[in-house]
$ cat query.cif   # mmCIF, C-alpha atoms
data_entry
loop_
_atom_site.label_atom_id
_atom_site.label_comp_id
_atom_site.auth_asym_id
_atom_site.auth_seq_id
_atom_site.Cartn_x
_atom_site.Cartn_y
_atom_site.Cartn_z
CA ILE A 1 -18.72 -8.25 -5.63
CA ALA A 2 -18.55 -4.48 -6.03
CA ALA A 3 -20.80 -3.83 -3.03
CA GLY A 4 -18.85 -6.26 -0.88
CA SER A 5 -15.54 -4.70 -1.90
CA ALA A 6 -16.81 -1.23 -1.06
CA ALA A 7 -18.16 -2.40 2.30
CA GLY A 8 -14.93 -4.17 3.22
CA LEU A 9 -12.71 -1.22 2.43
CA ALA A 10 -15.09 1.25 4.06
CA ALA A 11 -15.19 -0.77 7.27
CA GLY A 12 -11.50 -1.65 7.34
CA PHE A 13 -10.20 1.86 6.71
CA ASN A 14 -13.16 3.81 8.11
CA ALA A 15 -13.44 5.49 4.72
CA PRO A 16 -16.84 5.01 3.03
CA ILE A 17 -16.20 7.46 0.18
CA ALA A 18 -12.89 5.79 -0.68
CA GLY A 19 -14.61 2.40 -0.51
CA ALA A 20 -17.28 3.47 -2.97
CA PHE A 21 -14.71 4.92 -5.36
CA PHE A 22 -12.64 1.75 -5.13
CA ALA A 23 -15.59 -0.38 -6.16
CA VAL A 24 -16.46 1.91 -9.08
CA GLU A 25 -12.89 2.58 -10.15
CA TYR A 26 -11.47 -0.91 -9.77
CA VAL A 27 -14.17 -3.59 -9.59
CA LEU A 28 -16.88 -2.16 -11.85
CA GLN A 29 -14.43 -0.79 -14.37
CA ARG A 30 -12.86 -4.20 -14.84
CA SER A 31 -16.28 -5.81 -15.04
CA LYS A 32 -17.31 -3.37 -17.76
CA GLU A 33 -14.18 -4.18 -19.71
CA LYS A 34 -15.15 -7.85 -19.57
CA GLY A 35 -18.71 -7.03 -20.64
CA GLU A 36 -20.35 -8.13 -17.40
CA TYR A 37 -22.20 -4.83 -16.85
CA GLY A 38 -23.50 -3.68 -20.16
CA GLY A 39 -26.70 -1.76 -19.51
CA PRO A 40 -26.82 1.73 -18.06
CA SER A 41 -29.74 0.85 -15.75
CA THR A 42 -27.79 -2.04 -14.26
CA SER A 43 -24.75 0.16 -13.73
CA SER A 44 -26.72 2.89 -11.95
CA THR A 45 -28.43 0.35 -9.71
CA THR A 46 -25.12 -1.28 -8.91
CA ILE A 47 -23.51 2.04 -8.03
CA ALA A 48 -26.43 2.83 -5.70
CA MET A 49 -25.94 -0.51 -3.95
CA VAL A 50 -22.21 0.17 -3.70
CA LEU A 51 -22.82 3.51 -2.00
CA LEU A 52 -25.38 2.03 0.37
CA SER A 53 -23.18 -0.89 1.39
CA ALA A 54 -20.14 1.37 1.93
CA VAL A 55 -22.07 3.76 4.17
CA LEU A 56 -23.72 0.99 6.19
CA ALA A 57 -20.42 -0.84 6.66
CA ALA A 58 -18.67 2.34 7.81
CA VAL A 59 -21.48 3.19 10.26
CA LEU A 60 -21.51 -0.30 11.80
CA SER A 61 -17.72 -0.29 11.99
CA GLN A 62 -17.73 3.04 13.82
CA ILE A 63 -20.34 1.77 16.25
CA GLY A 64 -18.33 -1.34 17.06
CA LEU A 65 -14.74 -0.13 16.73
CA GLY A 66 -14.98 3.62 17.15
CA SER A 67 -14.56 6.50 14.76
CA GLU A 68 -10.77 6.81 14.88
CA PRO A 69 -9.15 6.95 11.42
CA ALA A 70 -7.02 4.02 10.31
CA PHE A 71 -3.93 6.21 9.91
CA LYS A 72 -2.66 8.86 12.28
CA LEU A 73 -1.70 11.41 9.68
CA PRO A 74 0.50 14.20 10.99
CA VAL A 75 -0.18 17.83 10.20
CA TYR A 76 2.07 18.68 7.29
CA GLU A 77 3.27 21.98 5.96
CA PRO A 78 2.09 23.50 2.66
CA VAL A 79 4.21 22.47 -0.30
CA ARG A 80 6.29 25.11 -2.03
CA LEU A 81 6.23 25.31 -5.81
CA VAL A 82 9.94 24.60 -5.95
CA GLU A 83 9.23 21.19 -4.42
CA LEU A 84 6.79 20.07 -7.09
CA PRO A 85 9.52 18.42 -9.20
CA LEU A 86 10.55 16.45 -6.11
CA PHE A 87 7.01 15.14 -5.70
CA MET A 88 6.87 14.29 -9.41
CA LEU A 89 10.05 12.25 -9.02
CA LEU A 90 8.48 10.56 -6.01
CA GLY A 91 5.54 9.57 -8.20
CA VAL A 92 7.93 8.03 -10.71
CA LEU A 93 9.75 6.18 -7.93
CA ALA A 94 6.44 4.89 -6.54
CA GLY A 95 5.47 3.70 -10.01
CA VAL A 96 8.73 1.79 -10.38
CA THR A 97 8.31 0.29 -6.90
CA SER A 98 4.73 -0.79 -7.57
CA SER A 99 5.80 -2.37 -10.85
CA ALA A 100 8.56 -4.27 -9.06
CA PHE A 101 6.02 -5.34 -6.43
CA LEU A 102 3.62 -6.73 -9.02
CA GLN A 103 6.38 -8.37 -11.05
CA GLY A 104 7.75 -9.93 -7.88
CA SER A 105 4.35 -11.42 -7.08
CA LYS A 106 4.19 -12.90 -10.56
CA TRP A 107 7.73 -14.27 -10.33
CA PHE A 108 7.10 -15.98 -7.00
CA ALA A 109 3.79 -17.39 -8.27
CA ASP A 110 5.65 -18.94 -11.21
CA LEU A 111 8.29 -20.24 -8.80
CA PHE A 112 5.74 -22.07 -6.65
CA GLU A 113 4.08 -23.49 -9.76
CA GLU A 114 7.45 -24.81 -10.83
CA LEU A 115 7.93 -26.38 -7.40
CA GLU A 116 4.59 -28.15 -7.80
CA GLU A 117 5.60 -29.42 -11.22
CA ARG A 118 8.79 -30.82 -9.68
CA GLY A 119 6.85 -32.85 -7.15
CA VAL A 120 6.42 -30.53 -4.17
CA PRO A 121 2.74 -30.84 -3.17
CA ARG A 122 0.72 -27.65 -2.99
CA THR A 123 -0.14 -28.44 0.65
CA PHE A 124 3.51 -27.81 1.55
CA HIS A 125 3.61 -24.38 -0.13
CA PRO A 126 2.19 -22.45 2.85
CA ALA A 127 4.81 -24.03 5.12
CA ILE A 128 7.56 -22.93 2.75
CA GLY A 129 6.09 -19.45 2.56
CA GLY A 130 5.78 -19.25 6.33
CA PHE A 131 9.39 -20.34 6.80
CA CYS A 132 10.67 -17.73 4.33
CA THR A 133 8.53 -15.00 5.88
CA GLY A 134 9.68 -15.91 9.38
CA ALA A 135 13.30 -15.82 8.27
CA ILE A 136 12.83 -12.34 6.84
CA ALA A 137 10.97 -11.21 9.97
CA LEU A 138 13.90 -12.24 12.17
CA TRP A 139 15.87 -9.38 10.63
CA TYR A 140 13.00 -7.04 9.76
CA PRO A 141 10.03 -7.63 12.09
CA GLN A 142 8.26 -4.64 10.53
CA VAL A 143 7.25 -6.83 7.58
CA LEU A 144 4.74 -8.69 9.76
CA TYR A 145 1.19 -7.40 9.66
CA ALA A 146 0.04 -5.77 12.90
CA GLY A 147 -2.95 -3.80 11.72
CA PHE A 148 -1.79 -0.36 10.64
CA THR A 149 0.65 0.01 13.51
CA ASN A 150 3.65 -0.38 11.23
CA VAL A 151 2.34 2.28 8.85
CA ASN A 152 1.72 4.66 11.73
CA ASP A 153 5.25 3.96 13.01
CA VAL A 154 6.68 5.05 9.66
CA LEU A 155 4.50 8.15 9.73
CA ASP A 156 5.84 8.86 13.21
CA ALA A 157 9.34 8.47 11.82
CA SER A 158 8.53 11.02 9.15
CA ASN A 159 7.82 13.69 11.73
CA GLY A 160 10.77 12.79 13.94
CA THR A 161 9.02 10.87 16.74
CA ALA A 162 10.43 7.44 15.75
CA ASP A 163 13.94 6.28 14.95
CA TYR A 164 14.06 5.15 11.31
CA THR A 165 16.92 6.11 9.02
CA TRP A 166 16.42 6.43 5.27
CA TYR A 167 18.53 3.38 4.47
CA LEU A 168 16.75 1.26 7.08
CA LEU A 169 13.41 2.24 5.54
CA LEU A 170 14.65 1.16 2.11
CA GLN A 171 15.77 -2.18 3.52
CA ILE A 172 12.40 -2.66 5.20
CA ALA A 173 10.63 -1.82 1.94
CA LEU A 174 12.62 -4.44 0.02
CA ALA A 175 12.02 -7.00 2.75
CA LYS A 176 8.29 -6.18 2.75
CA ILE A 177 8.09 -6.74 -1.01
CA ALA A 178 9.79 -10.13 -0.71
CA ALA A 179 7.71 -11.26 2.29
CA THR A 180 4.40 -10.18 0.77
CA CYS A 181 5.16 -11.81 -2.58
CA VAL A 182 6.12 -15.07 -0.86
CA CYS A 183 2.99 -15.07 1.30
CA LYS A 184 0.67 -14.25 -1.56
CA SER A 185 2.19 -16.83 -3.92
CA SER A 186 2.47 -19.66 -1.41
CA GLY A 187 -1.19 -19.59 -0.40
CA LEU A 188 -0.86 -17.73 2.90
CA VAL A 189 -2.98 -14.71 3.74
CA GLY A 190 -1.48 -11.76 1.92
CA GLY A 191 -2.86 -9.07 -0.34
CA ILE A 192 -1.42 -6.01 -1.98
CA TYR A 193 -3.61 -3.22 -0.63
CA ALA A 194 -2.31 -2.72 2.91
CA PRO A 195 1.29 -3.62 1.97
CA SER A 196 1.16 -0.97 -0.76
CA LEU A 197 0.34 1.68 1.83
CA PHE A 198 3.19 0.55 4.04
CA LEU A 199 5.62 0.48 1.12
CA GLY A 200 4.50 3.92 -0.01
CA ALA A 201 5.04 5.37 3.45
CA ALA A 202 8.49 3.79 3.78
CA VAL A 203 9.67 4.77 0.30
CA GLY A 204 8.18 8.28 0.59
CA CYS A 205 9.75 8.95 3.97
CA SER A 206 13.14 7.64 2.84
CA TYR A 207 13.00 9.64 -0.39
CA GLY A 208 11.86 12.76 1.43
CA SER A 209 14.72 12.63 3.91
CA LEU A 210 17.26 12.32 1.09
CA ALA A 211 15.62 14.93 -1.13
CA LEU A 212 15.26 17.52 1.61
CA PHE A 213 18.79 16.93 2.83
CA GLY A 214 20.12 17.50 -0.67
CA MET A 215 17.95 20.57 -1.27
CA SER A 216 18.47 22.32 2.02
CA GLY A 217 21.70 20.91 3.38
CA GLY A 218 19.93 19.07 6.15
CA MET A 219 17.85 22.06 7.25
CA HIS A 220 14.07 21.82 7.36
CA ASP A 221 13.37 24.78 5.09
CA PHE A 222 10.91 22.84 2.94
CA ALA A 223 7.93 20.64 3.63
CA SER A 224 8.62 18.02 6.28
CA PHE A 225 9.19 14.33 5.65
CA ASP A 226 5.60 13.42 6.47
CA SER A 227 4.39 15.19 3.33
CA TYR A 228 6.50 12.82 1.26
CA ALA A 229 5.33 9.82 3.27
CA ILE A 230 1.66 10.67 2.66
CA VAL A 231 2.20 11.33 -1.05
CA GLY A 232 4.19 8.11 -1.28
CA MET A 233 1.29 6.13 0.20
CA ALA A 234 -1.17 7.54 -2.33
CA SER A 235 1.23 7.12 -5.26
CA MET A 236 2.14 3.54 -4.38
CA LEU A 237 -1.47 2.53 -3.92
CA ALA A 238 -2.46 4.15 -7.20
CA GLY A 239 0.32 2.36 -9.05
CA THR A 240 -0.44 -1.03 -7.54
CA CYS A 241 -4.24 -1.04 -7.58
CA ARG A 242 -4.79 1.25 -10.58
CA GLY A 243 -7.11 3.49 -8.57
CA PRO A 244 -5.82 7.07 -8.39
CA LEU A 245 -9.03 8.63 -7.06
CA THR A 246 -9.36 5.97 -4.37
CA SER A 247 -5.75 6.52 -3.36
CA VAL A 248 -6.19 10.28 -3.01
CA LEU A 249 -9.41 9.96 -0.99
CA LEU A 250 -8.04 7.28 1.27
#
$ encode --input "query.cif" --output "structure tokens"
Amino acid sequence: IAAGSAAGLAAGFNAPIAGAFFAVEYVLQRSKEKGEYGGPSTSSTTIAMVLLSAVLAAVLSQIGLGSEPAFKLPVYEPVRLVELPLFMLLGVLAGVTSSAFLQGSKWFADLFEELEERGVPRTFHPAIGGFCTGAIALWYPQVLYAGFTNVNDVLDASNGTADYTWYLLLQIALAKIAATCVCKSSGLVGGIYAPSLFLGAAVGCSYGSLALFGMSGGMHDFASFDSYAIVGMASMLAGTCRGPLTSVLL
């Protein structure tokens, strides 16, 4: 499981090091807590297999799909010390958002279980989830998964090349949480990894625009919005998946 997880993330994000850290930090750590990997020799062998699978998956992915990174990260300015409290507040905000995301997934899962108990067959759950997601997408089409195009669009908005206001980004983030929770709970395809990155970018960019406007009166005297978008992605992913090192490397 750990080797497969590392290979999948390494191939999907073109990030073998992050894939290996994800497997060690998330999969193996949880397995150790459950007592599934007790011996040190087994753990070292497993980690070696994780590294090998991540590297091979990344190499084959680059051969077939190219070596372009998953995200088109803009060049951001160095952060001033006076801005560190702003980034700390962003981390708190990302933690609250990730908690709401996870609690929302649990709430919708309980809701669909209750529907089943009231006589709605489980085979109808994906249709209900699809209807709800489609209704949300009519107003906010950004909630639909289109690779990492939506994430890159938000990153473009953070450096001024796309038209997203801070309040529109907040609305999209709320809609994305609802749509992802419905999809995941109803049995449709939907995880939390890629949505967490999108949510982090949206929340970070929105927060950065507000924070910088308040600090500098609308002037770009501090780090640009894209710095907050990138930090928001890492913070949100760390809060949702409990993998801080993976989030930083990715």
$ closest_residue --input "query.cif" --among "A:Ser186, A:Gln103, A:Asn150, A:Ser235" --to "A:Ile128" --atoms "only C-alpha atoms"
A:Ser186
$ resolve_selection --input "query.cif" --expression "the PyMOL selection byres ((chain A and resi 105) around 12)" --output "count of residues only"
30
$ resolve_selection --input "query.cif" --expression "the PyMOL selection byres ((chain A and resi 55) around 12)" --output "NGL selection string"
:A and (3-4 or 6-11 or 14-20 or 48-54 or 56-62)
$ residues_near_point --input "query.cif" --point "(8.7, 10.9, -7.3)" --cutoff "12 Å" --atoms "all atoms listed in the file" --output "count of residues only"
31
$ atom_distance --input "query.cif" --atom1 "atom CA of A:Ile63" --atom2 "atom CA of A:Tyr193"
24.3 Å
$ closest_residue --input "query.cif" --among "A:Ser44, A:Ser247, A:Gln171, A:Ser5" --to "A:Val143" --atoms "all atoms listed in the file"
A:Gln171
$ atom_distance --input "query.cif" --atom1 "atom CA of A:Trp139" --atom2 "atom CA of A:Ala127"
19.2 Å
$ atom_distance --input "query.cif" --atom1 "atom CA of A:Arg118" --atom2 "atom CA of A:Thr133"
22.2 Å
$ closest_residue --input "query.cif" --among "A:Gly64, A:Val154, A:Leu188, A:Ile47" --to "A:Leu28" --atoms "all atoms listed in the file"
A:Ile47
$ resolve_selection --input "query.cif" --expression "the PyMOL selection byres ((chain A and resi 246) around 8)" --output "VMD selection string"
chain A and resid 18 to 19 21 to 22 25 238 243 to 245 247 to 250
$ residues_near_point --input "query.cif" --point "(14.7, -12.7, 3.6)" --cutoff "7 Å" --atoms "all atoms listed in the file" --output "NGL selection string"
:A and (132-133 or 135-136 or 175)
$ closest_residue --input "query.cif" --among "A:Phe148, A:Tyr164, A:Phe124, A:Tyr140" --to "A:Gly12" --atoms "all atoms listed in the file"
A:Phe148
$ build_atoms --input "query.cif" --residues "stretch 198-209 of chain A" --atoms "all heavy atoms" --output "mmCIF file, in the frame of the given file"
data_model
loop_
_atom_site.group_PDB
_atom_site.id
_atom_site.type_symbol
_atom_site.label_atom_id
_atom_site.label_comp_id
_atom_site.auth_asym_id
_atom_site.auth_seq_id
_atom_site.Cartn_x
_atom_site.Cartn_y
_atom_site.Cartn_z
ATOM 1 N N PHE A 198 1.979 0.591 3.231
ATOM 2 C CA PHE A 198 3.190 0.550 4.040
ATOM 3 C C PHE A 198 4.423 0.845 3.188
ATOM 4 O O PHE A 198 5.309 1.622 3.587
ATOM 5 C CB PHE A 198 3.328 -0.826 4.699
ATOM 6 C CG PHE A 198 4.599 -0.995 5.485
ATOM 7 C CD1 PHE A 198 4.710 -0.483 6.766
ATOM 8 C CD2 PHE A 198 5.685 -1.658 4.947
ATOM 9 C CE1 PHE A 198 5.884 -0.626 7.496
ATOM 10 C CE2 PHE A 198 6.859 -1.804 5.661
ATOM 11 C CZ PHE A 198 6.956 -1.295 6.938
ATOM 12 N N LEU A 199 4.490 0.236 2.008
ATOM 13 C CA LEU A 199 5.620 0.480 1.120
ATOM 14 C C LEU A 199 5.687 1.944 0.693
ATOM 15 O O LEU A 199 6.770 2.537 0.640
ATOM 16 C CB LEU A 199 5.505 -0.416 -0.125
ATOM 17 C CG LEU A 199 5.794 -1.897 0.070
ATOM 18 C CD1 LEU A 199 5.425 -2.673 -1.187
ATOM 19 C CD2 LEU A 199 7.254 -2.112 0.418
ATOM 20 N N GLY A 200 4.522 2.525 0.386
ATOM 21 C CA GLY A 200 4.500 3.920 -0.010
ATOM 22 C C GLY A 200 4.984 4.844 1.097
ATOM 23 O O GLY A 200 5.737 5.809 0.846
ATOM 24 N N ALA A 201 4.583 4.550 2.331
ATOM 25 C CA ALA A 201 5.040 5.370 3.450
ATOM 26 C C ALA A 201 6.538 5.239 3.661
ATOM 27 O O ALA A 201 7.237 6.237 3.887
ATOM 28 C CB ALA A 201 4.284 4.967 4.723
ATOM 29 N N ALA A 202 7.058 4.015 3.566
ATOM 30 C CA ALA A 202 8.490 3.790 3.780
ATOM 31 C C ALA A 202 9.321 4.438 2.673
ATOM 32 O O ALA A 202 10.306 5.138 2.943
ATOM 33 C CB ALA A 202 8.778 2.299 3.863
ATOM 34 N N VAL A 203 8.918 4.203 1.428
ATOM 35 C CA VAL A 203 9.670 4.770 0.300
ATOM 36 C C VAL A 203 9.563 6.291 0.302
ATOM 37 O O VAL A 203 10.547 7.003 0.073
ATOM 38 C CB VAL A 203 9.156 4.187 -1.026
ATOM 39 C CG1 VAL A 203 9.772 4.912 -2.218
ATOM 40 C CG2 VAL A 203 9.484 2.703 -1.107
ATOM 41 N N GLY A 204 8.368 6.829 0.574
ATOM 42 C CA GLY A 204 8.180 8.280 0.590
ATOM 43 C C GLY A 204 8.982 8.955 1.677
ATOM 44 O O GLY A 204 9.605 10.001 1.454
ATOM 45 N N CYS A 205 8.988 8.362 2.872
ATOM 46 C CA CYS A 205 9.750 8.950 3.970
ATOM 47 C C CYS A 205 11.248 8.906 3.688
ATOM 48 O O CYS A 205 11.976 9.881 3.933
ATOM 49 C CB CYS A 205 9.425 8.226 5.271
ATOM 50 S SG CYS A 205 10.247 8.892 6.731
ATOM 51 N N SER A 206 11.720 7.769 3.165
ATOM 52 C CA SER A 206 13.140 7.640 2.840
ATOM 53 C C SER A 206 13.546 8.630 1.744
ATOM 54 O O SER A 206 14.565 9.317 1.841
ATOM 55 C CB SER A 206 13.451 6.212 2.398
ATOM 56 O OG SER A 206 14.806 6.077 2.026
ATOM 57 N N TYR A 207 12.727 8.708 0.702
ATOM 58 C CA TYR A 207 13.000 9.640 -0.390
ATOM 59 C C TYR A 207 12.964 11.085 0.095
ATOM 60 O O TYR A 207 13.809 11.908 -0.273
ATOM 61 C CB TYR A 207 11.986 9.427 -1.507
ATOM 62 C CG TYR A 207 12.011 10.481 -2.584
ATOM 63 C CD1 TYR A 207 12.912 10.404 -3.644
ATOM 64 C CD2 TYR A 207 11.131 11.563 -2.537
ATOM 65 C CE1 TYR A 207 12.938 11.377 -4.632
ATOM 66 C CE2 TYR A 207 11.146 12.534 -3.524
ATOM 67 C CZ TYR A 207 12.053 12.433 -4.564
ATOM 68 O OH TYR A 207 12.070 13.408 -5.539
ATOM 69 N N GLY A 208 11.982 11.404 0.936
ATOM 70 C CA GLY A 208 11.860 12.760 1.430
ATOM 71 C C GLY A 208 13.053 13.192 2.264
ATOM 72 O O GLY A 208 13.527 14.326 2.146
ATOM 73 N N SER A 209 13.567 12.278 3.095
ATOM 74 C CA SER A 209 14.720 12.630 3.910
ATOM 75 C C SER A 209 15.947 12.912 3.046
ATOM 76 O O SER A 209 16.703 13.842 3.307
ATOM 77 C CB SER A 209 15.015 11.507 4.911
ATOM 78 O OG SER A 209 15.350 10.311 4.231
#
